[in-house]
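S.K.: Below you will find the structure I want to go over with you.
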Amino acid sequence: MRHIMVMNAKGGCGKSTLATNIASYFANEDAIVALADYDPQRSSLDWLERRPENRAEIHGVEGFRGGLRRVPRNADFVIIDAPARSHGTELTNLVKHAETIVVPVLPSTIDMQATTRFVDELKAVGKVERKQAKIAMVANRVRDNTLIFDDLDEYLTKMRVPYVAALREAQNYVRAYTRGLGIFELPEYLAWPDWEEWEPLTAWLRSVRSQP
């Protein structure tokens with residue numbers, strides 16, 4: 001059973017968007033997938049409640065109530081949507097559940113500063129220090145040819161953590177979320193640019209580089 005956690009202490013960086021799309025990606029690869037929402041706001045579970053019955057099944061888990069106790073034993077992947085503002089003991093306890101950690105970062109000075117502090121704290125967690133959990137960074141909701149994206153791109157390139165993908169700000173994510181779908185479940189004519197942007201991230205998640 002593989003555990004992939006999406007986390008950043010900074011709120012509003014798109015954790016639920018990444019978590020739901022990663023879950024739907026693996027579900028459409030015929031994997032048995034559980035989506036565990038540790039955030040009491042329930043953004044991932046709200047998405048799952050909208051999911052059409054004819055789409056690949058994803059098992060919802062209220063992580064904020066009982067942790068991972070209700071994850072199906074035969075699950076291939078558990079995608080964990082971590083809460084914002086996780087620090088200290090809470091952060092350490094969350095990381096215990098993950099072998100792979102994806103950190104989304106928005107193109108803003110505030111987000112970059114907050115992420116620097118968060119990643120420093122994350123790298124000091126014992127499981128990460130022992131290389132029993134792998135981390136990757138994702139630039140999220142970016143707009144090409146803007147100065148702030150250039151700043152974010154340079155910032156992430158200089159981080160001593162793999163920088164694996166840059167995902168554009170697009171209405172497709174809103175369309176998909178409101179219908180309980182992932183970006184890969186939208187029509188090709190509409191979503192092919194987003195599919196191309198996701199390819200480096202999904203390739204990393206499938207690779208041994210993303211696993212301890």
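Just remember, in the structure tokens the first chain shown is A, the second B, etc., residues are 1-based per chain, and ligands are 1-based in the order shown.
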Tell me, as a list in words, which residues lie within 12 Å of Leu190 (chain A), counting only C-alpha atoms; anything in the same chain fewer than 4 positions away does not count.

M.R.: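 Contacts, with the query itself left out: Ala170, Gln171, Asn172, Tyr173, Arg175, Ala176, Ile183, Phe184, Glu185, Leu186, Asp194 and Trp195 of chain A.
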
S.K.: May I have the residues within 12 Å of Tyr155 (chain A) as a PyMOL selection string, using only C-alpha atoms and disregarding those fewer than 6 positions away in the same chain?

M.R.: chain A and resi 105-109+111-113+115-116+137-139+148-149+161-163

S.K.: Rounded to one decimal in Å, what is the spacing between CA of Glu154 (chain A) and CA of Trp192 (chain A)?

M.R.: 26.0 Å

S.K.: Write out as a JSON list (two decimals) with C-alpha atoms, in the first residue's frame the residues lying within 12 Å of Pro212 (chain A), counting only C-alpha atoms and excluding same-chain residues fewer than 6 positions away.

M.R.:
```json
[["chain", "number", "residue", "atom", "x", "y", "z"],
["A", 2, "ARG", "CA", 1.50, 3.31, -1.14],
["A", 3, "HIS", "CA", 0.82, 6.54, 0.78],
["A", 4, "ILE", "CA", 1.13, 9.85, -1.08],
["A", 98, "ALA", "CA", 3.60, 8.98, 4.05],
["A", 99, "GLU", "CA", 6.28, 7.55, 1.80],
["A", 100, "THR", "CA", 5.86, 10.32, -0.79],
["A", 101, "ILE", "CA", 5.13, 14.00, -0.13],
["A", 127, "LYS", "CA", 11.38, 10.04, 8.68],
["A", 128, "VAL", "CA", 12.44, 12.53, 6.02],
["A", 129, "GLU", "CA", 15.96, 12.86, 7.45],
["A", 130, "ARG", "CA", 16.31, 9.06, 7.25],
["A", 131, "LYS", "CA", 15.13, 9.21, 3.61],
["A", 132, "GLN", "CA", 12.11, 7.06, 4.44],
["A", 133, "ALA", "CA", 9.90, 9.67, 2.76],
["A", 134, "LYS", "CA", 10.62, 11.52, -0.49],
["A", 135, "ILE", "CA", 9.57, 15.13, -1.19],
["A", 205, "LEU", "CA", 5.07, 9.54, -8.81]]
```

S.K.: Rounded to one decimal place, report the CA of Val208 (chain A)-CA of Ile32 (chain A) distance in Å.

M.R.: 19.7 Å

S.K.: Choose the residue, out of A:Arg141, A:Lys123, A:Lys10, A:Arg209, that has the smallest atom-to-atom separation from Pro83 (chain A); count only C-alpha atoms.

M.R.: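 The shortest atom-to-atom distance to Pro83 (chain A) comes from A:Lys10.
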
S.K.: Pick from A:Met159, A:Val142, A:Ile79, A:Val61: nearest to Arg117 (chain A), with only C-alpha atoms counted?

M.R.: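 For Arg117 (chain A), the nearest of the given residues is A:Met159.
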
S.K.: What is the distance, in Å and to one decimal place, between CA of Ser210 (chain A) and CA of Met5 (chain A)?

M.R.: 11.6 Å

S.K.: Nearest to Ser16 (chain A) among A:Asp151, A:Glu29, A:Gly182, A:His87, with distances taken over only C-alpha atoms: which residue is it?

M.R.: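 Result for the nearest residue to Ser16 (chain A): A:Gly182.
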
S.K.: Please identify the strand (DSSP E) residues within region 25-150 of chain A (assignment by DSSP from backbone atoms) and present them as a PDB file with N, CA and C atoms, in the first residue's frame.

M.R.:
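Written out: result_37.pdb:
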```pdb
ATOM      1  N   VAL A  33      -7.965   2.901  -4.954  1.00  0.00           N
ATOM      2  CA  VAL A  33      -7.496   4.171  -4.397  1.00  0.00           C
ATOM      3  C   VAL A  33      -8.393   4.622  -3.254  1.00  0.00           C
ATOM      4  N   ALA A  34      -7.763   5.076  -2.171  1.00  0.00           N
ATOM      5  CA  ALA A  34      -8.476   5.729  -1.073  1.00  0.00           C
ATOM      6  C   ALA A  34      -8.000   7.179  -1.004  1.00  0.00           C
ATOM      7  N   LEU A  35      -8.928   8.073  -0.724  1.00  0.00           N
ATOM      8  CA  LEU A  35      -8.636   9.501  -0.585  1.00  0.00           C
ATOM      9  C   LEU A  35      -8.948   9.896   0.856  1.00  0.00           C
ATOM     10  N   ALA A  36      -7.892  10.168   1.629  1.00  0.00           N
ATOM     11  CA  ALA A  36      -8.049  10.488   3.045  1.00  0.00           C
ATOM     12  C   ALA A  36      -7.921  11.992   3.249  1.00  0.00           C
ATOM     13  N   ASP A  37      -8.984  12.598   3.739  1.00  0.00           N
ATOM     14  CA  ASP A  37      -9.020  14.046   3.944  1.00  0.00           C
ATOM     15  C   ASP A  37      -8.791  14.340   5.427  1.00  0.00           C
ATOM     16  N   ILE A  58     -13.320   5.697  -6.024  1.00  0.00           N
ATOM     17  CA  ILE A  58     -12.341   6.178  -5.052  1.00  0.00           C
ATOM     18  C   ILE A  58     -12.998   6.106  -3.675  1.00  0.00           C
ATOM     19  N   HIS A  59     -12.319   5.520  -2.724  1.00  0.00           N
ATOM     20  CA  HIS A  59     -12.868   5.353  -1.380  1.00  0.00           C
ATOM     21  C   HIS A  59     -12.532   6.576  -0.524  1.00  0.00           C
ATOM     22  N   GLY A  60     -13.532   7.207   0.045  1.00  0.00           N
ATOM     23  CA  GLY A  60     -13.317   8.373   0.889  1.00  0.00           C
ATOM     24  C   GLY A  60     -13.072   7.993   2.341  1.00  0.00           C
ATOM     25  N   VAL A  61     -12.147   8.693   2.985  1.00  0.00           N
ATOM     26  CA  VAL A  61     -11.801   8.425   4.382  1.00  0.00           C
ATOM     27  C   VAL A  61     -11.740   9.751   5.131  1.00  0.00           C
ATOM     28  N   GLU A  62     -12.452   9.849   6.243  1.00  0.00           N
ATOM     29  CA  GLU A  62     -12.423  11.052   7.071  1.00  0.00           C
ATOM     30  C   GLU A  62     -11.182  11.006   7.966  1.00  0.00           C
ATOM     31  N   PHE A  77      -3.231   2.570  -3.387  1.00  0.00           N
ATOM     32  CA  PHE A  77      -2.763   3.919  -3.107  1.00  0.00           C
ATOM     33  C   PHE A  77      -3.677   4.590  -2.088  1.00  0.00           C
ATOM     34  N   VAL A  78      -3.078   5.287  -1.146  1.00  0.00           N
ATOM     35  CA  VAL A  78      -3.807   6.169  -0.238  1.00  0.00           C
ATOM     36  C   VAL A  78      -3.286   7.587  -0.498  1.00  0.00           C
ATOM     37  N   ILE A  79      -4.168   8.449  -0.989  1.00  0.00           N
ATOM     38  CA  ILE A  79      -3.804   9.837  -1.241  1.00  0.00           C
ATOM     39  C   ILE A  79      -4.299  10.661  -0.062  1.00  0.00           C
ATOM     40  N   ILE A  80      -3.405  11.371   0.583  1.00  0.00           N
ATOM     41  CA  ILE A  80      -3.735  12.072   1.823  1.00  0.00           C
ATOM     42  C   ILE A  80      -3.701  13.579   1.584  1.00  0.00           C
ATOM     43  N   ASP A  81      -4.824  14.220   1.847  1.00  0.00           N
ATOM     44  CA  ASP A  81      -4.942  15.681   1.775  1.00  0.00           C
ATOM     45  C   ASP A  81      -4.714  16.221   3.182  1.00  0.00           C
ATOM     46  N   THR A 100       5.657   9.315   0.258  1.00  0.00           N
ATOM     47  CA  THR A 100       5.859  10.323  -0.785  1.00  0.00           C
ATOM     48  C   THR A 100       5.098  11.575  -0.396  1.00  0.00           C
ATOM     49  N   ILE A 101       5.745  12.742  -0.516  1.00  0.00           N
ATOM     50  CA  ILE A 101       5.129  14.004  -0.128  1.00  0.00           C
ATOM     51  C   ILE A 101       5.237  14.989  -1.281  1.00  0.00           C
ATOM     52  N   VAL A 102       4.106  15.565  -1.674  1.00  0.00           N
ATOM     53  CA  VAL A 102       4.062  16.570  -2.729  1.00  0.00           C
ATOM     54  C   VAL A 102       3.706  17.905  -2.094  1.00  0.00           C
ATOM     55  N   VAL A 103       4.528  18.926  -2.361  1.00  0.00           N
ATOM     56  CA  VAL A 103       4.334  20.250  -1.761  1.00  0.00           C
ATOM     57  C   VAL A 103       3.998  21.252  -2.862  1.00  0.00           C
ATOM     58  N   PRO A 104       2.726  21.689  -2.960  1.00  0.00           N
ATOM     59  CA  PRO A 104       2.380  22.722  -3.944  1.00  0.00           C
ATOM     60  C   PRO A 104       2.717  24.116  -3.424  1.00  0.00           C
ATOM     61  N   VAL A 105       3.167  24.980  -4.338  1.00  0.00           N
ATOM     62  CA  VAL A 105       3.553  26.342  -3.968  1.00  0.00           C
ATOM     63  C   VAL A 105       2.949  27.312  -4.968  1.00  0.00           C
ATOM     64  N   LYS A 134      10.058  10.668   0.551  1.00  0.00           N
ATOM     65  CA  LYS A 134      10.615  11.520  -0.491  1.00  0.00           C
ATOM     66  C   LYS A 134       9.698  12.720  -0.725  1.00  0.00           C
ATOM     67  N   ILE A 135      10.308  13.873  -1.015  1.00  0.00           N
ATOM     68  CA  ILE A 135       9.571  15.128  -1.194  1.00  0.00           C
ATOM     69  C   ILE A 135       9.777  15.644  -2.611  1.00  0.00           C
ATOM     70  N   ALA A 136       8.727  16.261  -3.172  1.00  0.00           N
ATOM     71  CA  ALA A 136       8.844  16.988  -4.437  1.00  0.00           C
ATOM     72  C   ALA A 136       8.010  18.256  -4.356  1.00  0.00           C
ATOM     73  N   MET A 137       8.452  19.275  -5.111  1.00  0.00           N
ATOM     74  CA  MET A 137       7.770  20.558  -5.149  1.00  0.00           C
ATOM     75  C   MET A 137       7.028  20.702  -6.477  1.00  0.00           C
ATOM     76  N   VAL A 138       5.871  21.374  -6.423  1.00  0.00           N
ATOM     77  CA  VAL A 138       5.079  21.653  -7.620  1.00  0.00           C
ATOM     78  C   VAL A 138       4.681  23.125  -7.612  1.00  0.00           C
ATOM     79  N   ALA A 139       5.007  23.832  -8.673  1.00  0.00           N
ATOM     80  CA  ALA A 139       4.502  25.199  -8.843  1.00  0.00           C
ATOM     81  C   ALA A 139       3.040  25.105  -9.254  1.00  0.00           C
ATOM     82  N   ASN A 140       2.170  25.767  -8.541  1.00  0.00           N
ATOM     83  CA  ASN A 140       0.732  25.589  -8.765  1.00  0.00           C
ATOM     84  C   ASN A 140       0.058  26.921  -9.108  1.00  0.00           C
ATOM     85  N   ARG A 141      -0.941  26.830  -9.981  1.00  0.00           N
ATOM     86  CA  ARG A 141      -1.725  28.000 -10.418  1.00  0.00           C
ATOM     87  C   ARG A 141      -0.841  29.097 -11.001  1.00  0.00           C
ATOM     88  N   VAL A 142       0.030  28.715 -11.899  1.00  0.00           N
ATOM     89  CA  VAL A 142       0.972  29.682 -12.461  1.00  0.00           C
ATOM     90  C   VAL A 142       0.445  30.249 -13.779  1.00  0.00           C
TER      91      VAL A 142
END
```

S.K.: So which residues of region 37-128 of chain A fall under helix (DSSP H, G or I) by DSSP, listed as JSON, numbers by chain?

M.R.: {"A": [43, 44, 45, 46, 47, 48, 49, 63, 64, 65, 66, 88, 89, 90, 91, 92, 93, 94, 95, 109, 110, 111, 112, 113, 114, 115, 116, 117, 118, 119, 120, 121, 122, 123, 126, 127, 128]}

S.K.: Which neighbours of region 201-203 of chain A fall inside 7 Å, counting only C-alpha atoms, when residues of the same chain fewer than 3 positions from it are skipped, and could you give them as JSON, numbers by chain?

M.R.: {"A": [164, 165, 198, 206, 207]}

S.K.: Could you write those residues out with N, CA and C atoms, as a CSV table (one decimal), in the first residue's frame?

M.R.:
```csv
chain,number,residue,atom,x,y,z
A,164,VAL,N,9.3,19.2,-9.7
A,164,VAL,CA,8.9,18.2,-10.8
A,164,VAL,C,7.9,18.8,-11.8
A,165,ALA,N,7.1,19.8,-11.5
A,165,ALA,CA,6.1,20.2,-12.4
A,165,ALA,C,5.6,21.7,-12.1
A,198,TRP,N,0.9,17.8,-16.4
A,198,TRP,CA,0.9,16.8,-15.3
A,198,TRP,C,1.8,15.7,-15.6
A,206,ARG,N,5.3,7.7,-10.4
A,206,ARG,CA,5.4,6.3,-10.8
A,206,ARG,C,6.8,5.8,-10.7
A,207,SER,N,7.8,6.7,-10.5
A,207,SER,CA,9.2,6.3,-10.6
A,207,SER,C,9.7,5.9,-9.2
```
